[in-house]
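Next up, my_file15.cif (mmCIF, C-alpha atoms):
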```cif
data_input
loop_
_atom_site.label_atom_id
_atom_site.label_comp_id
_atom_site.auth_asym_id
_atom_site.auth_seq_id
_atom_site.Cartn_x
_atom_site.Cartn_y
_atom_site.Cartn_z
CA MET A 29 119.81 94.60 74.31
CA ILE A 30 116.01 95.00 74.15
CA ASP A 31 114.35 98.27 75.20
CA LEU A 32 110.54 98.18 75.02
CA HIS A 33 109.57 101.72 76.09
CA THR A 34 110.85 104.85 74.30
CA HIS A 35 109.45 108.14 72.96
CA THR A 36 110.03 110.36 69.93
CA THR A 37 108.98 113.84 68.87
CA ALA A 38 105.71 112.25 67.73
CA SER A 39 104.76 112.75 71.39
CA ASP A 40 107.03 114.31 74.00
CA GLY A 41 110.42 112.82 73.17
CA ALA A 42 113.44 114.91 72.21
CA LEU A 43 114.57 112.90 69.15
CA MET A 44 112.80 112.49 65.83
CA PRO A 45 111.91 108.86 65.00
CA GLN A 46 114.80 108.46 62.60
CA GLU A 47 117.17 110.00 65.15
CA LEU A 48 115.91 107.66 67.85
CA VAL A 49 116.61 104.47 65.90
CA ALA A 50 120.10 105.73 65.05
CA HIS A 51 120.69 106.61 68.70
CA ALA A 52 119.46 103.18 69.77
CA ALA A 53 121.73 101.42 67.26
CA ALA A 54 124.72 103.42 68.46
CA ALA A 55 123.90 102.36 72.04
CA GLY A 56 123.98 98.69 71.00
CA LEU A 57 120.25 97.97 71.03
CA ARG A 58 119.03 95.18 68.77
CA VAL A 59 115.30 95.46 69.55
CA LEU A 60 113.55 98.79 70.11
CA ALA A 61 109.90 99.54 70.85
CA ILE A 62 108.58 103.03 70.14
CA THR A 63 105.70 103.74 72.51
CA ASP A 64 104.75 107.38 72.08
CA HIS A 65 101.98 108.78 74.23
CA ASP A 66 98.56 108.14 72.65
CA THR A 67 99.87 108.05 69.09
CA THR A 68 101.59 105.70 66.66
CA GLY A 69 102.60 108.64 64.49
CA GLY A 70 106.34 108.01 64.75
CA ILE A 71 106.35 104.35 63.70
CA GLU A 72 106.38 104.82 59.92
CA ALA A 73 109.34 107.24 59.93
CA ALA A 74 111.27 105.02 62.36
CA ALA A 75 110.65 101.94 60.20
CA ALA A 76 111.87 103.77 57.08
CA ALA A 77 115.14 104.66 58.84
CA LEU A 78 115.65 101.35 60.64
CA PRO A 79 119.31 100.27 60.54
CA ALA A 80 120.16 96.82 59.22
CA GLY A 81 120.04 94.22 61.97
CA MET A 82 117.70 96.19 64.24
CA THR A 83 114.12 95.17 65.01
CA LEU A 84 111.37 97.73 65.65
CA VAL A 85 108.36 96.78 67.80
CA PRO A 86 105.42 99.11 67.04
CA GLY A 87 103.73 100.27 70.23
CA VAL A 88 101.88 103.05 71.99
CA GLU A 89 101.60 104.22 75.61
CA ILE A 90 97.94 104.83 76.41
CA SER A 91 97.00 107.37 79.07
CA CYS A 92 94.36 105.73 81.29
CA ARG A 93 92.65 106.18 84.63
CA ALA A 94 91.66 103.81 87.42
CA GLN A 95 90.19 103.82 90.90
CA VAL A 96 92.89 102.67 93.29
CA ALA A 97 92.25 102.53 97.02
CA GLY A 98 89.22 104.76 96.61
CA ARG A 99 90.96 107.51 94.67
CA ALA A 100 91.40 108.28 90.99
CA ARG A 101 94.84 107.60 89.62
CA GLU A 102 96.52 108.00 86.24
CA VAL A 103 97.66 104.64 84.88
CA HIS A 104 99.59 104.01 81.68
CA LEU A 105 99.15 100.96 79.48
CA LEU A 106 101.79 99.94 76.95
CA ALA A 107 100.26 98.30 73.88
CA TYR A 108 102.43 96.37 71.43
CA LEU A 109 101.85 94.88 67.99
CA THR A 110 98.22 95.84 67.47
CA MET A 111 96.54 95.73 64.07
CA ARG A 112 97.69 98.93 62.41
CA GLU A 113 94.29 99.88 61.00
CA ASP A 114 92.14 98.87 63.98
CA ARG A 115 89.27 101.35 64.13
CA ALA A 116 88.41 100.98 67.82
CA LEU A 117 92.00 101.66 68.87
CA ALA A 118 92.35 104.59 66.47
CA ASP A 119 89.14 106.12 67.82
CA LEU A 120 90.27 105.68 71.43
CA LEU A 121 93.66 107.29 70.81
CA GLY A 122 92.07 110.09 68.84
CA ARG A 123 89.73 110.92 71.69
CA ILE A 124 92.63 111.10 74.15
CA ARG A 125 94.61 113.35 71.81
CA ASP A 126 91.62 115.66 71.41
CA SER A 127 91.33 115.84 75.20
CA ARG A 128 95.02 116.70 75.46
CA GLU A 129 94.58 119.70 73.19
CA LEU A 130 91.42 120.81 75.00
CA ARG A 131 93.23 120.60 78.35
CA ALA A 132 96.17 122.63 77.07
CA ARG A 133 93.87 125.30 75.61
CA ARG A 134 92.01 125.55 78.91
CA THR A 135 95.29 125.93 80.79
CA VAL A 136 96.43 128.68 78.41
CA GLY A 137 93.12 130.43 79.08
CA LEU A 138 93.63 130.18 82.84
CA LEU A 139 97.15 131.59 82.55
CA ARG A 140 96.05 134.45 80.32
CA ALA A 141 93.18 135.29 82.68
CA GLU A 142 95.81 135.90 85.37
CA GLY A 143 97.81 138.17 83.06
CA HIS A 144 100.56 135.73 82.05
CA PRO A 145 102.04 136.32 78.57
CA ILE A 146 101.24 133.09 76.74
CA GLU A 147 99.08 132.26 73.73
CA TRP A 148 97.96 128.99 72.17
CA PRO A 149 100.15 129.31 69.02
CA GLN A 150 103.24 129.34 71.27
CA VAL A 151 102.24 126.01 72.80
CA ALA A 152 101.30 124.50 69.42
CA GLN A 153 104.68 125.53 68.02
CA VAL A 154 106.51 123.75 70.85
CA ALA A 155 104.44 120.59 70.28
CA GLY A 156 105.28 120.68 66.57
CA GLY A 157 102.20 118.73 65.54
CA ALA A 158 102.53 116.09 68.28
CA PRO A 159 99.73 115.50 70.82
CA VAL A 160 100.12 118.36 73.28
CA SER A 161 101.59 117.15 76.55
CA GLY A 162 102.28 118.79 79.88
CA ARG A 163 105.95 118.91 78.88
CA HIS A 164 105.13 120.98 75.80
CA LEU A 165 103.01 123.37 77.86
CA ALA A 166 105.71 123.65 80.52
CA ALA A 167 108.36 124.37 77.87
CA ALA A 168 106.16 127.09 76.39
CA MET A 169 105.78 128.62 79.85
CA VAL A 170 109.57 128.69 80.23
CA ALA A 171 110.00 130.28 76.79
CA ALA A 172 107.41 132.93 77.70
CA GLY A 173 109.31 133.79 80.87
CA ILE A 174 106.45 132.72 83.16
CA VAL A 175 108.59 130.18 85.04
CA SER A 176 112.32 129.54 85.13
CA SER A 177 112.25 125.78 84.48
CA VAL A 178 110.05 122.89 83.39
CA ASP A 179 110.18 121.51 86.93
CA ASP A 180 108.87 124.84 88.25
CA ALA A 181 106.01 124.71 85.75
CA PHE A 182 104.83 121.41 87.20
CA GLY A 183 104.95 122.76 90.76
CA ARG A 184 102.01 123.42 93.05
CA ASP A 185 101.84 127.10 92.10
CA TRP A 186 101.35 126.30 88.43
CA LEU A 187 100.32 123.16 86.52
CA GLY A 188 100.23 121.13 89.72
CA GLY A 189 97.89 123.64 91.35
CA PRO A 190 95.62 126.49 90.24
CA PHE A 191 96.39 126.12 86.53
CA HIS A 192 95.67 122.40 86.39
CA ALA A 193 93.01 121.35 83.88
CA PRO A 194 91.60 117.80 83.71
CA LEU A 195 92.35 115.34 80.93
CA TRP A 196 89.85 112.75 79.76
CA ARG A 197 91.30 109.24 79.91
CA PRO A 198 89.65 105.87 79.37
CA GLU A 199 89.39 103.37 82.20
CA VAL A 200 92.40 101.09 81.97
CA THR A 201 90.09 98.07 81.70
CA GLU A 202 88.41 99.67 78.65
CA ALA A 203 91.77 100.39 77.03
CA LEU A 204 92.96 96.84 77.69
CA THR A 205 89.83 95.43 76.06
CA VAL A 206 90.43 97.59 72.96
CA VAL A 207 94.11 96.54 72.78
CA ARG A 208 93.20 92.87 73.02
CA GLY A 209 90.53 93.33 70.37
CA ALA A 210 93.23 94.75 68.08
CA GLY A 211 95.37 91.65 68.58
CA GLY A 212 97.85 93.55 70.72
CA VAL A 213 99.73 92.85 73.93
CA GLY A 214 99.03 94.95 77.03
CA VAL A 215 101.72 95.74 79.61
CA LEU A 216 101.23 97.89 82.72
CA ALA A 217 103.75 100.75 82.56
CA HIS A 218 105.92 101.88 85.51
CA PRO A 219 103.32 101.01 88.21
CA CYS A 220 105.57 102.18 91.05
CA ALA A 221 106.43 105.61 89.68
CA PRO A 222 106.82 107.98 92.63
CA ASP A 223 104.07 110.38 91.47
CA GLY A 224 101.18 107.93 91.82
CA ALA A 225 99.27 106.07 94.51
CA PRO A 226 100.54 102.50 95.03
CA LEU A 227 98.69 99.88 93.00
CA SER A 228 97.17 97.06 95.02
CA VAL A 229 97.79 93.39 94.32
CA GLU A 230 94.05 93.01 93.78
CA PHE A 231 94.05 95.73 91.12
CA VAL A 232 96.88 94.14 89.13
CA ALA A 233 95.35 90.67 89.57
CA ASP A 234 92.09 91.94 88.09
CA LEU A 235 93.93 93.31 85.04
CA ALA A 236 95.77 90.00 84.67
CA ALA A 237 92.42 88.18 84.68
CA ARG A 238 91.25 90.56 81.94
CA GLY A 239 94.19 89.74 79.68
CA LEU A 240 97.10 91.89 80.85
CA VAL A 241 100.26 90.14 79.63
CA GLY A 242 103.10 91.96 81.38
CA ILE A 243 104.20 94.56 83.89
CA GLU A 244 107.20 96.88 83.82
CA VAL A 245 109.52 95.73 86.57
CA ASP A 246 112.91 97.22 85.70
CA HIS A 247 112.42 100.93 85.02
CA PRO A 248 114.34 104.07 86.07
CA ASP A 249 111.38 105.19 88.23
CA HIS A 250 111.56 101.99 90.31
CA ASP A 251 113.95 101.60 93.20
CA GLU A 252 115.36 98.20 94.18
CA ASP A 253 112.56 97.50 96.66
CA ALA A 254 109.89 98.26 94.04
CA ARG A 255 111.63 96.03 91.50
CA ARG A 256 111.81 93.17 93.97
CA ARG A 257 108.11 93.45 94.85
CA LEU A 258 107.07 93.75 91.20
CA ARG A 259 109.14 90.75 90.16
CA TYR A 260 107.46 88.67 92.86
CA LEU A 261 104.04 89.96 91.75
CA ALA A 262 104.76 89.15 88.10
CA ASP A 263 105.76 85.63 89.07
CA GLU A 264 102.64 85.13 91.22
CA LEU A 265 100.28 86.38 88.48
CA THR A 266 102.19 84.82 85.55
CA LEU A 267 102.88 88.24 84.04
CA LEU A 268 105.91 88.93 81.89
CA PRO A 269 108.52 91.05 83.74
CA ILE A 270 109.38 93.83 81.28
CA GLY A 271 112.49 96.00 81.51
CA SER A 272 112.76 99.31 79.67
CA SER A 273 114.15 102.82 79.92
CA GLY A 274 111.10 105.01 79.28
CA PHE A 275 113.55 107.06 77.21
CA HIS A 276 112.51 110.63 76.31
CA GLY A 277 115.86 112.11 75.31
CA PRO A 278 119.60 111.97 76.01
CA ASP A 279 119.40 114.99 78.32
CA THR A 280 116.94 113.29 80.68
CA SER A 281 117.57 109.55 80.49
CA ARG A 282 119.74 106.84 78.97
CA ILE A 283 118.35 104.51 76.34
CA GLY A 284 118.83 100.86 77.30
CA SER A 285 119.32 101.72 80.97
CA ASP A 286 116.89 98.88 81.73
CA THR A 287 116.19 96.07 79.29
CA THR A 288 114.03 93.02 78.68
CA THR A 289 115.55 89.55 78.41
CA PRO A 290 115.38 87.70 75.07
CA GLN A 291 113.34 84.93 76.74
CA VAL A 292 110.67 87.37 77.96
CA TYR A 293 110.64 89.15 74.59
CA THR A 294 110.01 85.86 72.77
CA ARG A 295 107.11 85.08 75.11
CA LEU A 296 105.67 88.56 74.54
CA LEU A 297 105.69 88.04 70.77
CA ALA A 298 103.79 84.77 71.20
CA HIS A 299 100.84 86.71 72.69
CA ALA A 300 100.49 89.07 69.70
CA SER A 301 98.14 88.37 66.78
CA GLY A 302 97.68 91.91 65.42
CA SER A 303 101.01 92.59 63.73
CA THR A 304 104.65 91.53 63.76
CA PRO A 305 107.91 93.34 64.49
CA ILE A 306 109.59 95.28 61.69
CA ARG A 307 113.12 94.14 60.86
CA GLY A 308 115.79 96.30 59.32
#
```

How does this structure look as structure tokens?
Amino acid sequence: MIDLHTHTTASDGALMPQELVAHAAAAGLRVLAITDHDTTGGIEAAAAALPAGMTLVPGVEISCRAQVAGRAREVHLLAYLTMREDRALADLLGRIRDSRELRARRTVGLLRAEGHPIEWPQVAQVAGGAPVSGRHLAAAMVAAGIVSSVDDAFGRDWLGGPFHAPLWRPEVTEALTVVRGAGGVGVLAHPCAPDGAPLSVEFVADLAARGLVGIEVDHPDHDEDARRRLRYLADELTLLPIGSSGFHGPDTSRIGSDTTTPQVYTRLLAHASGSTPIRG
């Protein structure tokens, strides 16, 4: 049982790092990667609470952008086992986190300009010190009575429309170069998620030529047709087929719903030179 994509309260997950490792152990996981959005802030607390017999893979999910079929698209890159004090990676993640806060502040300003009862401290309180995400902003909007649900907040009348503010993201090729320079392993996250433009074979092949090691194949956002196509693509490009849950919390997903095989996990470790897994 190996799950290589999960989130904690260090970004937009529902469980604190120590709660997540306990939850994973109770679910029967033996290997767990924590890949919070644009931060490694939850790794230390998770490692300190790691149950005996469990292995923790330090990781991060980097928010990136790319031009796909002539249009800009958000792309996420999972980075595993980088050097923990790598300056270039720390600077890149810090810039993304700063952009997240700036975007959220701009959105609060747009909402207030239209007379909606929300202030920045409300959003910051929901985030609890984590990089401010759209989920935090949406939850603050619900708490303020502006919308009735998080899903409504992301609709076309709100964050998906007139109250949308842009977020700076690095080009995925830039992020991949930084990850490789830090001795880490880059994996393309959920490339067939329903909210994005399809990625072309040429696009993924270019990333593979630049050092991409794997691609998420088995993921809750992928239907059976997407999984079949991605598995074929991984085989053709000699990419590791990763399986993971993208877990954010027990109310929204199930940890270990999709997993990586031990054989693929062993091959992934062989590509890393930055750091090693942490064993409980």

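Nearest residue to Ala42 (chain A) among A:Ala116, A:Ala166, A:Val154, A:Val215 is A:Val154, counting all atoms listed in the file.
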
>> Need to verify the contact set: Ala61 (chain A), 7 Å, all atoms listed in the file, exclusion of same-chain residues closer than 4 positions in sequence. Can you return it as a PyMOL selection string?
In response: chain A and resi 31-34+84-87

Report as a PDB file with C-alpha atoms, in the frame of the given file all protein, DNA and RNA residues lying within 6 Å of Gly302 (chain A), evaluated on only C-alpha atoms, omitting residues in the same chain fewer than 5 positions from it.
```pdb
ATOM      1  CA  LEU A 109     101.850  94.880  67.990  1.00  0.00           C
ATOM      2  CA  THR A 110      98.220  95.840  67.470  1.00  0.00           C
ATOM      3  CA  MET A 111      96.540  95.730  64.070  1.00  0.00           C
ATOM      4  CA  ALA A 210      93.230  94.750  68.080  1.00  0.00           C
ATOM      5  CA  GLY A 211      95.370  91.650  68.580  1.00  0.00           C
ATOM      6  CA  GLY A 212      97.850  93.550  70.720  1.00  0.00           C
TER       7      GLY A 212
END
```

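Counting all atoms listed in the file and comparing A:Gly173, A:Pro198, A:Gly157, A:Gly162, the residue that lies closest to Ser91 (chain A) is A:Pro198.
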
>> Between CA of Ile270 (chain A) and CA of Ile243 (chain A), what is the distance in Å, rounded to a tenth?
In response: 5.8 Å

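Pairwise distance (CA of His51 (chain A), CA of Phe275 (chain A)) equals 11.1 Å.
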